[in-house]
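A quick write-up on the structure given underneath.
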Amino acid sequence: MRFTTRVFAMQLIAAAVVIAVCVSAFALLGIGQLRDEAESTALAVARTVASDPQVRADVASYAGRESLDGEALAEGALQDYAAEIVERTETLFVVIANDLGLRLAHPDPTLLGERVSTDFTRVIAGDEVVAWERGTLGESVRAKVPVRSPDGDAIVGEVSVGFAPARVFADAPLLVALFVAIAVVALAVAALVSTLIRRRLERLTRGVQPEELGGLLQSRAAILEGVHDGVLAVSDDGRVRAANAAALEIVGDAQAVGRRLEELDLPPRLRAALTRALDGEAFVTGELVLADRVAYVEVRRVRHEGRSLGVVAVLRDRTDVVALAERLDAVRAATNAMRAQRHEFANRVHAVRGMLAAGRIDEAQGLLGEFADRGALPEEAGIDVADPFLRSFLAAKRVEAAERGVELRIGADTFLVGAVAEPEDVAAVLGNLVDNAVTAAAAGAEPRWVEVSLLDAGEELAVTVVDSGPGVDDPESVFERARAAEDDVSSRVHGRGIGLPLARRFTRRRGGELWLAEARGVGHGAVFAARLPGVMRSRTADDGEDGMTAEGDAT
């Protein structure tokens, strides 16, 4: 049996039981009320008869007699009066007896003068008695009232008035029929309500039974928590219905489920994508740049049996992938620069060797001096950085900047004592800062320049990058900018929009920080500063004074 059918049956059974109990209770109350009315009527009639002056006088005349003439009593006034009361009140009987219980009036004249069939001692003692008893005329409800003498000093007899059960419960069939009709109507209403509830349940659960709902919940939990991507489900009314831990982490609100979109502090691009999908677009994609994360978003509308269930957003955290790409680009640039340095160094060594073999000692010494002053690459001239990795890396960046008409120079306050121990993180952070500074400088007026200052203290490296660009207009959201539009070719440059959040992620992962020191200043644009703990080491004897080994290879 289906769950909705079981619910329907249980509701009907429960309603039937309640209705039966209520009808039974009201029936008992109605029957009890009929009994009370019959008892009250019998007592009132008996009191009326017992208080009649003529009855009191006639009964008093028979007080104390132990034998009576039945035939005389049948022709007497009391018998006629009692018969008149029976006819007028439709009672079963009106019996009048003296103080010894001998009948003075009775519906059956043959019983006159005989003792009554029920107990009368309490009545003769002065009590009024109402009870259901069985006498010569069968079972009846009867009221017994004492008859007092005309002067009221003594009890001289009794009056007993009875109603037959058929007379008492004459209205019972109508009452029961009314209750049954009410029960049938109530049961029909209950059946109608149960049917509506059943249909509502089936519509809400789409025909899925509770046993299946348990499995669906387990499957839902397994799907939501078993995928690495973030999943965010939003109903048509704009309320978040489901979200896994990955989505909540990307969104940044652990209490997002159950709340409306306007109540959440969502990234603008995510809110816009969800709104567009809710407005009717079947498929919306985009890229989010959060505080220190990069996520790719896909939003799709979901339908079941032609009915819209809302939208589902899949958020793929691409931070690690993009970060790895940034680090690889930085390392590739440094590797290319150092490869060129090694190649140039080998060429110069061969040139010196040839000069020495030819006896051109003065020319060889001059070439060696130029090599010592300018470095292995011509681009290294003016890059006064002792660490060979940084010198080569900055030389490569200098070439890239020159291609865009920007001069890359080293600040006068640059001073490095140690050597780079973590080139990947240093290259990623420094490379992003330089790339963004070059982009800003290229957008500014001439002269266009970028200045890099480096300072180490133990294992910590401090970096400051200043550019000649227009500065930062919105310092509060500089680390939250979205990637430039895909159709804006001029703004698609390395690291723009994503580089700064990733660079800050690298620094924070090491316990450092990257910040905007100054949005713009006199004679310069933005100033970015970074602190990178644990990326430097002490220079060894093999590094030499300028960080080169005896063979000339970079360490």
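Chains: A, B, ... in order of the structure tokens. Residues: from 1 per chain. Ligands: from 1, in order shown.
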Using only C-alpha atoms, determine which residues lie at most 8 Å from Glu158 of chain A, disregarding the query and same-chain residues fewer than 5 positions distant; provide the list as a list in words.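 Listed by chain and then number, they are Ala50, Ile96, Ala97, Asn98, Asp99, Gly101, Phe120, Val123, Ile124, Lys144, Val145, Pro146 and Val147 of chain A.
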Atoms kept (all heavy atoms) for selection, written as an mmCIF file, in the first residue's frame:
```cif
data_model
loop_
_atom_site.group_PDB
_atom_site.id
_atom_site.type_symbol
_atom_site.label_atom_id
_atom_site.label_comp_id
_atom_site.auth_asym_id
_atom_site.auth_seq_id
_atom_site.Cartn_x
_atom_site.Cartn_y
_atom_site.Cartn_z
ATOM 1 N N ALA A 50 -51.049 14.921 44.587
ATOM 2 C CA ALA A 50 -50.983 14.814 46.049
ATOM 3 C C ALA A 50 -51.365 16.102 46.746
ATOM 4 O O ALA A 50 -51.805 16.082 47.923
ATOM 5 C CB ALA A 50 -49.565 14.397 46.468
ATOM 6 N N ILE A 96 -53.222 5.759 43.655
ATOM 7 C CA ILE A 96 -53.364 6.424 44.950
ATOM 8 C C ILE A 96 -53.584 5.337 45.994
ATOM 9 O O ILE A 96 -54.374 4.418 45.798
ATOM 10 C CB ILE A 96 -54.549 7.403 44.949
ATOM 11 C CG1 ILE A 96 -54.365 8.441 43.814
ATOM 12 C CG2 ILE A 96 -54.671 8.106 46.293
ATOM 13 C CD1 ILE A 96 -55.549 9.373 43.663
ATOM 14 N N ALA A 97 -52.824 5.411 47.104
ATOM 15 C CA ALA A 97 -52.929 4.389 48.172
ATOM 16 C C ALA A 97 -53.001 5.090 49.520
ATOM 17 O O ALA A 97 -52.593 6.255 49.668
ATOM 18 C CB ALA A 97 -51.746 3.450 48.117
ATOM 19 N N ASN A 98 -53.586 4.337 50.546
ATOM 20 C CA ASN A 98 -53.632 4.924 51.894
ATOM 21 C C ASN A 98 -52.313 4.680 52.595
ATOM 22 O O ASN A 98 -51.345 4.183 51.998
ATOM 23 C CB ASN A 98 -54.817 4.351 52.665
ATOM 24 C CG ASN A 98 -54.650 2.860 52.944
ATOM 25 O OD1 ASN A 98 -53.641 2.246 52.549
ATOM 26 N ND2 ASN A 98 -55.621 2.253 53.625
ATOM 27 N N ASP A 99 -52.238 5.003 53.863
ATOM 28 C CA ASP A 99 -50.973 4.921 54.594
ATOM 29 C C ASP A 99 -50.540 3.483 54.829
ATOM 30 O O ASP A 99 -49.405 3.234 55.231
ATOM 31 C CB ASP A 99 -51.089 5.660 55.922
ATOM 32 C CG ASP A 99 -52.251 5.172 56.764
ATOM 33 O OD1 ASP A 99 -53.120 4.457 56.206
ATOM 34 O OD2 ASP A 99 -52.301 5.511 57.955
ATOM 35 N N GLY A 101 -50.671 1.259 52.283
ATOM 36 C CA GLY A 101 -50.303 0.781 50.961
ATOM 37 C C GLY A 101 -51.425 0.130 50.210
ATOM 38 O O GLY A 101 -51.188 -0.541 49.192
ATOM 39 N N PHE A 120 -43.274 1.217 49.677
ATOM 40 C CA PHE A 120 -43.866 2.532 49.909
ATOM 41 C C PHE A 120 -43.472 3.099 51.270
ATOM 42 O O PHE A 120 -43.974 4.151 51.670
ATOM 43 C CB PHE A 120 -45.405 2.435 49.819
ATOM 44 C CG PHE A 120 -45.999 1.528 50.878
ATOM 45 C CD1 PHE A 120 -46.450 2.062 52.090
ATOM 46 C CD2 PHE A 120 -46.106 0.164 50.689
ATOM 47 C CE1 PHE A 120 -47.006 1.230 53.050
ATOM 48 C CE2 PHE A 120 -46.633 -0.653 51.658
ATOM 49 C CZ PHE A 120 -47.085 -0.132 52.845
ATOM 50 N N VAL A 123 -41.929 6.596 51.314
ATOM 51 C CA VAL A 123 -42.886 7.664 51.001
ATOM 52 C C VAL A 123 -43.743 7.971 52.217
ATOM 53 O O VAL A 123 -43.984 9.149 52.544
ATOM 54 C CB VAL A 123 -43.769 7.251 49.807
ATOM 55 C CG1 VAL A 123 -44.738 8.371 49.447
ATOM 56 C CG2 VAL A 123 -42.910 6.879 48.632
ATOM 57 N N ILE A 124 -44.219 6.927 52.924
ATOM 58 C CA ILE A 124 -45.026 7.136 54.109
ATOM 59 C C ILE A 124 -44.192 7.836 55.188
ATOM 60 O O ILE A 124 -44.731 8.566 56.027
ATOM 61 C CB ILE A 124 -45.575 5.794 54.628
ATOM 62 C CG1 ILE A 124 -46.492 5.140 53.559
ATOM 63 C CG2 ILE A 124 -46.369 5.977 55.910
ATOM 64 C CD1 ILE A 124 -47.647 6.025 53.141
ATOM 65 N N LYS A 144 -43.085 8.874 43.455
ATOM 66 C CA LYS A 144 -43.981 8.632 44.585
ATOM 67 C C LYS A 144 -43.900 9.811 45.533
ATOM 68 O O LYS A 144 -42.809 10.199 45.956
ATOM 69 C CB LYS A 144 -43.591 7.347 45.319
ATOM 70 C CG LYS A 144 -43.668 6.100 44.430
ATOM 71 C CD LYS A 144 -43.187 4.861 45.192
ATOM 72 C CE LYS A 144 -43.226 3.632 44.290
ATOM 73 N NZ LYS A 144 -42.763 2.413 45.014
ATOM 74 N N VAL A 145 -45.092 10.378 45.840
ATOM 75 C CA VAL A 145 -45.159 11.576 46.690
ATOM 76 C C VAL A 145 -46.152 11.296 47.820
ATOM 77 O O VAL A 145 -47.252 10.758 47.570
ATOM 78 C CB VAL A 145 -45.614 12.799 45.868
ATOM 79 C CG1 VAL A 145 -45.755 14.030 46.761
ATOM 80 C CG2 VAL A 145 -44.627 13.058 44.740
ATOM 81 N N PRO A 146 -45.788 11.636 49.062
ATOM 82 C CA PRO A 146 -46.730 11.415 50.171
ATOM 83 C C PRO A 146 -47.931 12.356 50.091
ATOM 84 O O PRO A 146 -47.800 13.502 49.636
ATOM 85 C CB PRO A 146 -45.878 11.686 51.415
ATOM 86 C CG PRO A 146 -44.782 12.571 50.943
ATOM 87 C CD PRO A 146 -44.515 12.176 49.534
ATOM 88 N N VAL A 147 -49.111 11.830 50.580
ATOM 89 C CA VAL A 147 -50.329 12.642 50.647
ATOM 90 C C VAL A 147 -50.571 12.984 52.114
ATOM 91 O O VAL A 147 -50.637 12.083 52.958
ATOM 92 C CB VAL A 147 -51.542 11.883 50.072
ATOM 93 C CG1 VAL A 147 -52.810 12.729 50.184
ATOM 94 C CG2 VAL A 147 -51.296 11.494 48.629
#
```
List the neighbours of Ala16 of chain A out to 9 Å using only C-alpha atoms; skip same-chain residues closer than 6 positions along the sequence, and give me the result as a ChimeraX atom specification. /A:183,186-187,190
Could you take the residues named above and write them with all heavy atoms, as a PDB file, in the first residue's frame?
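again26.pdb written:
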```pdb
ATOM      1  N   ALA A 183     -23.086  12.195  11.938  1.00  0.00           N
ATOM      2  CA  ALA A 183     -21.887  11.365  11.814  1.00  0.00           C
ATOM      3  C   ALA A 183     -21.540  11.103  10.358  1.00  0.00           C
ATOM      4  O   ALA A 183     -20.365  11.150   9.960  1.00  0.00           O
ATOM      5  CB  ALA A 183     -22.095  10.046  12.561  1.00  0.00           C
ATOM      6  N   ALA A 186     -20.108  14.271   8.916  1.00  0.00           N
ATOM      7  CA  ALA A 186     -18.752  14.482   9.434  1.00  0.00           C
ATOM      8  C   ALA A 186     -17.754  13.527   8.791  1.00  0.00           C
ATOM      9  O   ALA A 186     -16.631  13.916   8.443  1.00  0.00           O
ATOM     10  CB  ALA A 186     -18.751  14.302  10.954  1.00  0.00           C
ATOM     11  N   LEU A 187     -18.173  12.263   8.611  1.00  0.00           N
ATOM     12  CA  LEU A 187     -17.290  11.289   7.974  1.00  0.00           C
ATOM     13  C   LEU A 187     -17.033  11.654   6.508  1.00  0.00           C
ATOM     14  O   LEU A 187     -15.915  11.499   6.000  1.00  0.00           O
ATOM     15  CB  LEU A 187     -17.903   9.897   8.070  1.00  0.00           C
ATOM     16  CG  LEU A 187     -16.979   8.722   7.710  1.00  0.00           C
ATOM     17  CD1 LEU A 187     -15.759   8.706   8.615  1.00  0.00           C
ATOM     18  CD2 LEU A 187     -17.728   7.404   7.811  1.00  0.00           C
ATOM     19  N   ALA A 190     -14.564  14.423   6.536  1.00  0.00           N
ATOM     20  CA  ALA A 190     -13.241  13.877   6.843  1.00  0.00           C
ATOM     21  C   ALA A 190     -12.639  13.184   5.629  1.00  0.00           C
ATOM     22  O   ALA A 190     -11.444  13.309   5.347  1.00  0.00           O
ATOM     23  CB  ALA A 190     -13.344  12.899   8.016  1.00  0.00           C
TER      24      ALA A 190
END
```
Using only C-alpha atoms: which of A:Leu28, A:Ala82, A:Leu500, A:Arg134 has the shortest distance to Pro109 of chain A: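 For Pro109 of chain A, the nearest of the given residues is A:Ala82.
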A:Phe415, A:Phe93, A:Phe506, A:Tyr62: which is nearest Ala462 of chain A, counting only C-alpha atoms?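 Of the candidates, the smallest distance to Ala462 of chain A is held by A:Phe415.
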Excluding Gly230 of chain A and any residue of its chain fewer than 4 positions from it, enumerate the residues within 6 Å of it, using only C-alpha atoms, and give them as a list in words. Ala246, Ala247, Val314 and Leu315 of chain A
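In this structure, atom CA of Val450 of chain A sits 6.3 Å away from atom CA of Arg409 of chain A.
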